[in-house]
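Everything below belongs to entry.pdb, which stores PDB, C-alpha atoms, pLDDT in the B column.
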```pdb
ATOM      1  CA  MET A   1     155.286   8.832 -35.501  1.00 58.00           C
ATOM      2  CA  LYS A   2     155.485  12.317 -37.085  1.00 64.00           C
ATOM      3  CA  ASN A   3     159.022  12.686 -35.752  1.00 70.00           C
ATOM      4  CA  ASN A   4     159.983   9.559 -37.717  1.00 90.00           C
ATOM      5  CA  ILE A   5     158.705  10.931 -41.046  1.00 94.00           C
ATOM      6  CA  TYR A   6     160.424  14.256 -40.431  1.00 93.00           C
ATOM      7  CA  ASN A   7     163.731  12.471 -39.845  1.00 93.00           C
ATOM      8  CA  LYS A   8     163.250  10.547 -43.090  1.00 94.00           C
ATOM      9  CA  LEU A   9     162.382  13.719 -45.013  1.00 93.00           C
ATOM     10  CA  TYR A  10     165.456  15.420 -43.575  1.00 91.00           C
ATOM     11  CA  LYS A  11     167.628  12.570 -44.875  1.00 92.00           C
ATOM     12  CA  LEU A  12     165.907  12.647 -48.259  1.00 91.00           C
ATOM     13  CA  GLN A  13     166.417  16.412 -48.599  1.00 88.00           C
ATOM     14  CA  SER A  14     170.111  16.117 -47.777  1.00 86.00           C
ATOM     15  CA  GLU A  15     170.528  13.382 -50.398  1.00 87.00           C
ATOM     16  CA  ILE A  16     168.648  14.999 -53.268  1.00 81.00           C
ATOM     17  CA  GLY A  17     170.441  18.329 -53.492  1.00 67.00           C
ATOM     18  CA  ALA A  18     169.419  20.736 -56.259  1.00 63.00           C
ATOM     19  CA  ILE A  19     167.067  19.561 -58.989  1.00 63.00           C
ATOM     20  CA  SER A  20     168.478  19.906 -62.495  1.00 54.00           C
ATOM     21  CA  LYS A  21     166.410  21.864 -64.991  1.00 57.00           C
ATOM     22  CA  ASP A  22     166.186  19.805 -68.156  1.00 55.00           C
ATOM     23  CA  THR A  23     163.173  21.238 -70.004  1.00 53.00           C
ATOM     24  CA  THR A  24     162.847  24.534 -71.854  1.00 55.00           C
ATOM     25  CA  ASN A  25     159.782  26.760 -71.688  1.00 53.00           C
ATOM     26  CA  SER A  26     159.571  27.867 -75.321  1.00 54.00           C
ATOM     27  CA  PHE A  27     157.314  30.846 -74.541  1.00 52.00           C
ATOM     28  CA  TYR A  28     159.516  32.414 -71.832  1.00 49.00           C
ATOM     29  CA  LYS A  29     162.814  30.920 -73.076  1.00 53.00           C
ATOM     30  CA  SER A  30     163.642  29.633 -69.613  1.00 54.00           C
ATOM     31  CA  LYS A  31     164.545  26.256 -68.135  1.00 52.00           C
ATOM     32  CA  TYR A  32     162.545  24.248 -65.613  1.00 54.00           C
ATOM     33  CA  PHE A  33     162.422  20.701 -64.316  1.00 66.00           C
ATOM     34  CA  ASP A  34     159.731  18.427 -65.650  1.00 79.00           C
ATOM     35  CA  ILE A  35     157.436  16.682 -63.103  1.00 83.00           C
ATOM     36  CA  ASN A  36     158.288  13.257 -64.537  1.00 87.00           C
ATOM     37  CA  THR A  37     162.027  13.941 -64.280  1.00 84.00           C
ATOM     38  CA  LEU A  38     161.566  15.159 -60.716  1.00 84.00           C
ATOM     39  CA  ILE A  39     159.647  12.031 -59.703  1.00 90.00           C
ATOM     40  CA  LYS A  40     162.178   9.805 -61.474  1.00 88.00           C
ATOM     41  CA  GLN A  41     164.969  11.499 -59.515  1.00 86.00           C
ATOM     42  CA  LEU A  42     163.051  11.254 -56.220  1.00 90.00           C
ATOM     43  CA  GLN A  43     161.775   7.676 -56.536  1.00 94.00           C
ATOM     44  CA  PRO A  44     164.942   5.815 -55.448  1.00 94.00           C
ATOM     45  CA  LEU A  45     165.333   8.128 -52.436  1.00 93.00           C
ATOM     46  CA  LEU A  46     161.689   7.694 -51.459  1.00 96.00           C
ATOM     47  CA  GLU A  47     162.085   3.910 -51.652  1.00 96.00           C
ATOM     48  CA  LYS A  48     165.352   4.011 -49.704  1.00 94.00           C
ATOM     49  CA  ASN A  49     163.608   5.919 -46.885  1.00 94.00           C
ATOM     50  CA  ASN A  50     160.449   3.759 -46.955  1.00 95.00           C
ATOM     51  CA  LEU A  51     158.314   6.653 -48.234  1.00 97.00           C
ATOM     52  CA  VAL A  52     155.573   6.784 -50.874  1.00 97.00           C
ATOM     53  CA  LEU A  53     154.524   9.795 -52.953  1.00 97.00           C
ATOM     54  CA  LEU A  54     150.842  10.261 -53.794  1.00 97.00           C
ATOM     55  CA  GLN A  55     149.459  13.125 -55.900  1.00 97.00           C
ATOM     56  CA  PRO A  56     145.663  12.859 -55.857  1.00 98.00           C
ATOM     57  CA  ILE A  57     143.220  15.500 -57.018  1.00 96.00           C
ATOM     58  CA  THR A  58     140.426  15.859 -54.472  1.00 96.00           C
ATOM     59  CA  ASP A  59     137.930  18.639 -53.779  1.00 94.00           C
ATOM     60  CA  MET A  60     139.389  20.728 -56.641  1.00 94.00           C
ATOM     61  CA  GLN A  61     142.853  20.574 -55.070  1.00 97.00           C
ATOM     62  CA  VAL A  62     146.073  19.077 -56.366  1.00 97.00           C
ATOM     63  CA  LYS A  63     147.846  17.426 -53.457  1.00 97.00           C
ATOM     64  CA  SER A  64     151.304  16.028 -52.917  1.00 97.00           C
ATOM     65  CA  ILE A  65     151.299  13.607 -50.009  1.00 98.00           C
ATOM     66  CA  ILE A  66     154.321  11.746 -48.728  1.00 97.00           C
ATOM     67  CA  VAL A  67     153.356   8.711 -46.700  1.00 97.00           C
ATOM     68  CA  ASP A  68     155.798   6.993 -44.375  1.00 97.00           C
ATOM     69  CA  LEU A  69     155.172   3.240 -44.610  1.00 96.00           C
ATOM     70  CA  ASP A  70     156.158   3.077 -40.942  1.00 94.00           C
ATOM     71  CA  GLY A  71     153.429   5.602 -40.046  1.00 93.00           C
ATOM     72  CA  GLY A  72     152.646   9.268 -40.611  1.00 94.00           C
ATOM     73  CA  SER A  73     152.324  11.537 -43.614  1.00 96.00           C
ATOM     74  CA  VAL A  74     152.817  15.154 -44.714  1.00 96.00           C
ATOM     75  CA  GLU A  75     151.087  17.012 -47.515  1.00 96.00           C
ATOM     76  CA  SER A  76     150.961  20.176 -49.569  1.00 96.00           C
ATOM     77  CA  SER A  77     148.023  21.286 -51.715  1.00 97.00           C
ATOM     78  CA  MET A  78     146.890  23.999 -54.112  1.00 96.00           C
ATOM     79  CA  LEU A  79     143.339  24.856 -55.117  1.00 97.00           C
ATOM     80  CA  LEU A  80     142.769  24.461 -58.848  1.00 95.00           C
ATOM     81  CA  PRO A  81     141.468  27.445 -60.809  1.00 94.00           C
ATOM     82  CA  ASP A  82     137.979  27.258 -62.301  1.00 93.00           C
ATOM     83  CA  ILE A  83     138.932  26.349 -65.873  1.00 92.00           C
ATOM     84  CA  GLN A  84     136.602  24.587 -68.308  1.00 92.00           C
ATOM     85  CA  ASP A  85     139.121  23.860 -71.088  1.00 94.00           C
ATOM     86  CA  PRO A  86     140.490  20.299 -70.508  1.00 93.00           C
ATOM     87  CA  GLN A  87     143.922  21.131 -71.976  1.00 94.00           C
ATOM     88  CA  LYS A  88     144.332  24.193 -69.765  1.00 94.00           C
ATOM     89  CA  ILE A  89     143.207  22.343 -66.624  1.00 94.00           C
ATOM     90  CA  GLY A  90     145.627  19.530 -67.525  1.00 93.00           C
ATOM     91  CA  SER A  91     148.451  22.057 -67.741  1.00 91.00           C
ATOM     92  CA  ALA A  92     147.425  23.566 -64.394  1.00 94.00           C
ATOM     93  CA  ILE A  93     147.374  20.110 -62.777  1.00 95.00           C
ATOM     94  CA  THR A  94     150.893  19.344 -64.048  1.00 91.00           C
ATOM     95  CA  TYR A  95     152.166  22.734 -62.891  1.00 90.00           C
ATOM     96  CA  TYR A  96     150.532  22.357 -59.458  1.00 94.00           C
ATOM     97  CA  ARG A  97     151.864  18.811 -59.033  1.00 94.00           C
ATOM     98  CA  ARG A  98     155.380  20.134 -59.595  1.00 90.00           C
ATOM     99  CA  TYR A  99     155.001  23.071 -57.237  1.00 90.00           C
ATOM    100  CA  THR A 100     153.209  21.259 -54.401  1.00 94.00           C
ATOM    101  CA  LEU A 101     155.960  18.641 -54.433  1.00 93.00           C
ATOM    102  CA  THR A 102     158.719  21.248 -54.639  1.00 90.00           C
ATOM    103  CA  SER A 103     157.151  23.133 -51.744  1.00 90.00           C
ATOM    104  CA  LEU A 104     156.537  20.032 -49.643  1.00 93.00           C
ATOM    105  CA  LEU A 105     160.153  18.926 -49.874  1.00 91.00           C
ATOM    106  CA  ALA A 106     161.604  22.465 -49.877  1.00 87.00           C
ATOM    107  CA  LEU A 107     163.609  21.523 -52.945  1.00 81.00           C
ATOM    108  CA  GLN A 108     166.276  23.841 -54.264  1.00 73.00           C
ATOM    109  CA  ALA A 109     164.798  25.312 -57.406  1.00 57.00           C
ATOM    110  CA  GLU A 110     165.015  28.772 -58.892  1.00 51.00           C
ATOM    111  CA  ASP A 111     161.619  29.974 -60.177  1.00 47.00           C
ATOM    112  CA  ASP A 112     162.782  31.189 -63.601  1.00 47.00           C
ATOM    113  CA  ASP A 113     159.363  30.992 -65.282  1.00 46.00           C
ATOM    114  CA  ALA A 114     157.487  33.227 -62.879  1.00 46.00           C
ATOM    115  CA  ASN A 115     160.375  35.643 -62.369  1.00 44.00           C
ATOM    116  CA  SER A 116     160.833  36.220 -66.088  1.00 43.00           C
ATOM    117  CA  THR A 117     157.159  37.089 -66.538  1.00 42.00           C
ATOM    118  CA  VAL A 118     157.483  40.043 -64.154  1.00 43.00           C
ATOM    119  CA  GLY A 119     161.031  41.027 -65.087  1.00 48.00           C
ATOM    120  CA  TYR A 120     162.519  39.968 -61.727  1.00 41.00           C
ATOM    121  CA  LYS A 121     166.154  38.899 -61.727  1.00 47.00           C
ATOM    122  CA  TYR A 122     166.847  36.093 -59.247  1.00 41.00           C
ATOM    123  CA  LYS A 123     169.484  36.832 -56.617  1.00 49.00           C
ATOM    124  CA  ASN A 124     171.078  34.199 -54.445  1.00 47.00           C
ATOM    125  CA  PRO A 125     169.694  34.557 -50.923  1.00 48.00           C
ATOM    126  CA  THR A 126     171.950  34.981 -47.941  1.00 47.00           C
ATOM    127  CA  PRO A 127     172.378  31.559 -46.332  1.00 48.00           C
ATOM    128  CA  VAL A 128     170.598  31.112 -43.012  1.00 46.00           C
ATOM    129  CA  LYS A 129     171.909  28.608 -40.511  1.00 46.00           C
ATOM    130  CA  SER A 130     169.230  26.066 -39.624  1.00 46.00           C
ATOM    131  CA  ASN A 131     168.454  24.738 -36.176  1.00 47.00           C
ATOM    132  CA  LEU A 132     166.538  21.773 -37.672  1.00 48.00           C
ATOM    133  CA  ASP A 133     168.884  19.135 -36.227  1.00 51.00           C
ATOM    134  CA  ASN A 134     168.173  20.343 -32.684  1.00 48.00           C
ATOM    135  CA  LEU A 135     164.412  20.412 -33.327  1.00 47.00           C
ATOM    136  CA  LEU A 136     164.339  16.886 -34.764  1.00 52.00           C
ATOM    137  CA  ASN A 137     166.498  15.362 -32.059  1.00 52.00           C
ATOM    138  CA  ASN A 138     164.582  16.808 -29.078  1.00 47.00           C
TER     139      ASN A 138
END
```

In structure tokens, how does this file's structure come out?
Amino acid sequence: MKNNIYNKLYKLQSEIGAISKDTTNSFYKSKYFDINTLIKQLQPLLEKNNLVLLQPITDMQVKSIIVDLDGGSVESSMLLPDIQDPQKIGSAITYYRRYTLTSLLALQAEDDDANSTVGYKYKNPTPVKSNLDNLLNN
């Protein structure tokens, strides 16, 4: 059953391509993609591949879970920081939802926000040829 969900995720990844950054971080003057825009862009592809996205918060963790309606699931999670301010924890939840989903699907996204805070200039990585097709088909 896991092999089935991996095949579906492989198809989804090949269809989605790079995520467009449509929101500006006014503090760092950088662009990022909004979680709602990301989900809106993903939803038709999830439906097409018979997949469902869940993002529950359990045991102080934000999770992104993709469930295959034909069986199986994969997930990514991040432990929430101990924050008492509701607005700050809300911001952390939104941020973690975006990054657990990005990580889970290995989406193409440049991390402008974090890089600009430490003065790092993003460089395009050298492409690496993947052997994923052989792994999925064996």

Expanded to explicit residues, what is the PyMOL selection byres ((chain A and resi 103) around 12) for this file, as an mmCIF file with C-alpha atoms, keeping the file's coordinate frame?
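Writing the result to selection-v2.cif gives the following:
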```cif
data_model
loop_
_atom_site.group_PDB
_atom_site.id
_atom_site.type_symbol
_atom_site.label_atom_id
_atom_site.label_comp_id
_atom_site.auth_asym_id
_atom_site.auth_seq_id
_atom_site.Cartn_x
_atom_site.Cartn_y
_atom_site.Cartn_z
ATOM 1 C CA GLN A 13 166.417 16.412 -48.599
ATOM 2 C CA LYS A 63 147.846 17.426 -53.457
ATOM 3 C CA SER A 64 151.304 16.028 -52.917
ATOM 4 C CA ILE A 65 151.299 13.607 -50.009
ATOM 5 C CA VAL A 74 152.817 15.154 -44.714
ATOM 6 C CA GLU A 75 151.087 17.012 -47.515
ATOM 7 C CA SER A 76 150.961 20.176 -49.569
ATOM 8 C CA SER A 77 148.023 21.286 -51.715
ATOM 9 C CA MET A 78 146.890 23.999 -54.112
ATOM 10 C CA TYR A 96 150.532 22.357 -59.458
ATOM 11 C CA ARG A 97 151.864 18.811 -59.033
ATOM 12 C CA ARG A 98 155.380 20.134 -59.595
ATOM 13 C CA TYR A 99 155.001 23.071 -57.237
ATOM 14 C CA THR A 100 153.209 21.259 -54.401
ATOM 15 C CA LEU A 101 155.960 18.641 -54.433
ATOM 16 C CA THR A 102 158.719 21.248 -54.639
ATOM 17 C CA LEU A 104 156.537 20.032 -49.643
ATOM 18 C CA LEU A 105 160.153 18.926 -49.874
ATOM 19 C CA ALA A 106 161.604 22.465 -49.877
ATOM 20 C CA LEU A 107 163.609 21.523 -52.945
ATOM 21 C CA GLN A 108 166.276 23.841 -54.264
ATOM 22 C CA ALA A 109 164.798 25.312 -57.406
ATOM 23 C CA ASP A 111 161.619 29.974 -60.177
#
```

Give me the residues near Leu53 (chain A) as a PDB file with C-alpha atoms, in the frame of the given file, where near means some atom within 9 Å (using all atoms listed in the file) and where sequence neighbours in that chain fewer than 5 positions away do not count.
```pdb
ATOM      1  CA  ILE A  39     159.647  12.031 -59.703  1.00 90.00           C
ATOM      2  CA  GLN A  43     161.775   7.676 -56.536  1.00 94.00           C
ATOM      3  CA  LEU A  46     161.689   7.694 -51.459  1.00 96.00           C
ATOM      4  CA  SER A  64     151.304  16.028 -52.917  1.00 97.00           C
ATOM      5  CA  ILE A  65     151.299  13.607 -50.009  1.00 98.00           C
ATOM      6  CA  ILE A  66     154.321  11.746 -48.728  1.00 97.00           C
ATOM      7  CA  VAL A  67     153.356   8.711 -46.700  1.00 97.00           C
TER       8      VAL A  67
END
```

request  = Please indicate the distance in Å from CA of Lys48 (chain A) to CA of Gly72 (chain A), rounded to one decimal place.
outcome  =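 Atom-to-atom, CA of Lys48 (chain A) to CA of Gly72 (chain A), that is 16.5 Å.
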
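Here the PyMOL selection byres ((chain A and resi 92) around 12) captures the residues Ile57, Met60, Gln61, Val62, Met78, Leu79, Leu80, Pro81, Asp82, Ile83, Gln84, Asp85, Pro86, Gln87, Lys88, Ile89, Gly90, Ser91, Ile93, Thr94, Tyr95, Tyr96, Arg97, Arg98, Tyr99 and Thr100 of chain A.
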
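Minimum atom-to-atom distances from A:Gln55, A:Asp34, A:Leu42, A:Asn50 to Ile5 (chain A) were compared using all atoms listed in the file, and the lowest value belongs to A:Asn50.
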
ask   = Nearest to Tyr6 (chain A): which of A:Asp59, A:Leu54, A:Asn49, A:Pro44 is it, counting all atoms listed in the file?
value =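 Residue with the minimum atom-to-atom distance to Tyr6 (chain A): A:Asn49.
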
task = Please measure the separation of CA of Lys11 (chain A) and CA of Thr37 (chain A), giving the value in Å to one decimal.
result = 20.2 Å

Ground truth for the PyMOL selection byres ((chain A and resi 69) around 6), written as a PDB file with C-alpha atoms, in the frame of the given file:
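What ended up in out.pdb:
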```
ATOM      1  CA  ASN A  50     160.449   3.759 -46.955  1.00 95.00           C
ATOM      2  CA  LEU A  51     158.314   6.653 -48.234  1.00 97.00           C
ATOM      3  CA  ASP A  68     155.798   6.993 -44.375  1.00 97.00           C
ATOM      4  CA  ASP A  70     156.158   3.077 -40.942  1.00 94.00           C
ATOM      5  CA  GLY A  71     153.429   5.602 -40.046  1.00 93.00           C
TER       6      GLY A  71
END
```

message = Using Å and a single decimal, report how far CA of Asn36 (chain A) sits from CA of Thr58 (chain A).
response = 20.7 Å

remark   = Val52 (chain A) proximity check over A:Lys40, A:Ser73, A:Ile35, A:Asn4, using only C-alpha atoms: winner is A:Ser73

Could you give me the axis-aligned bounding box of region 100-105 of chain A, with 4 Å of padding per side, as centre plus edge lengths in Å to one decimal, as JSON?
```
{"center_x": 156.7, "center_y": 20.9, "center_z": -52.1, "size_x": 14.9, "size_y": 12.5, "size_z": 13.0}
```
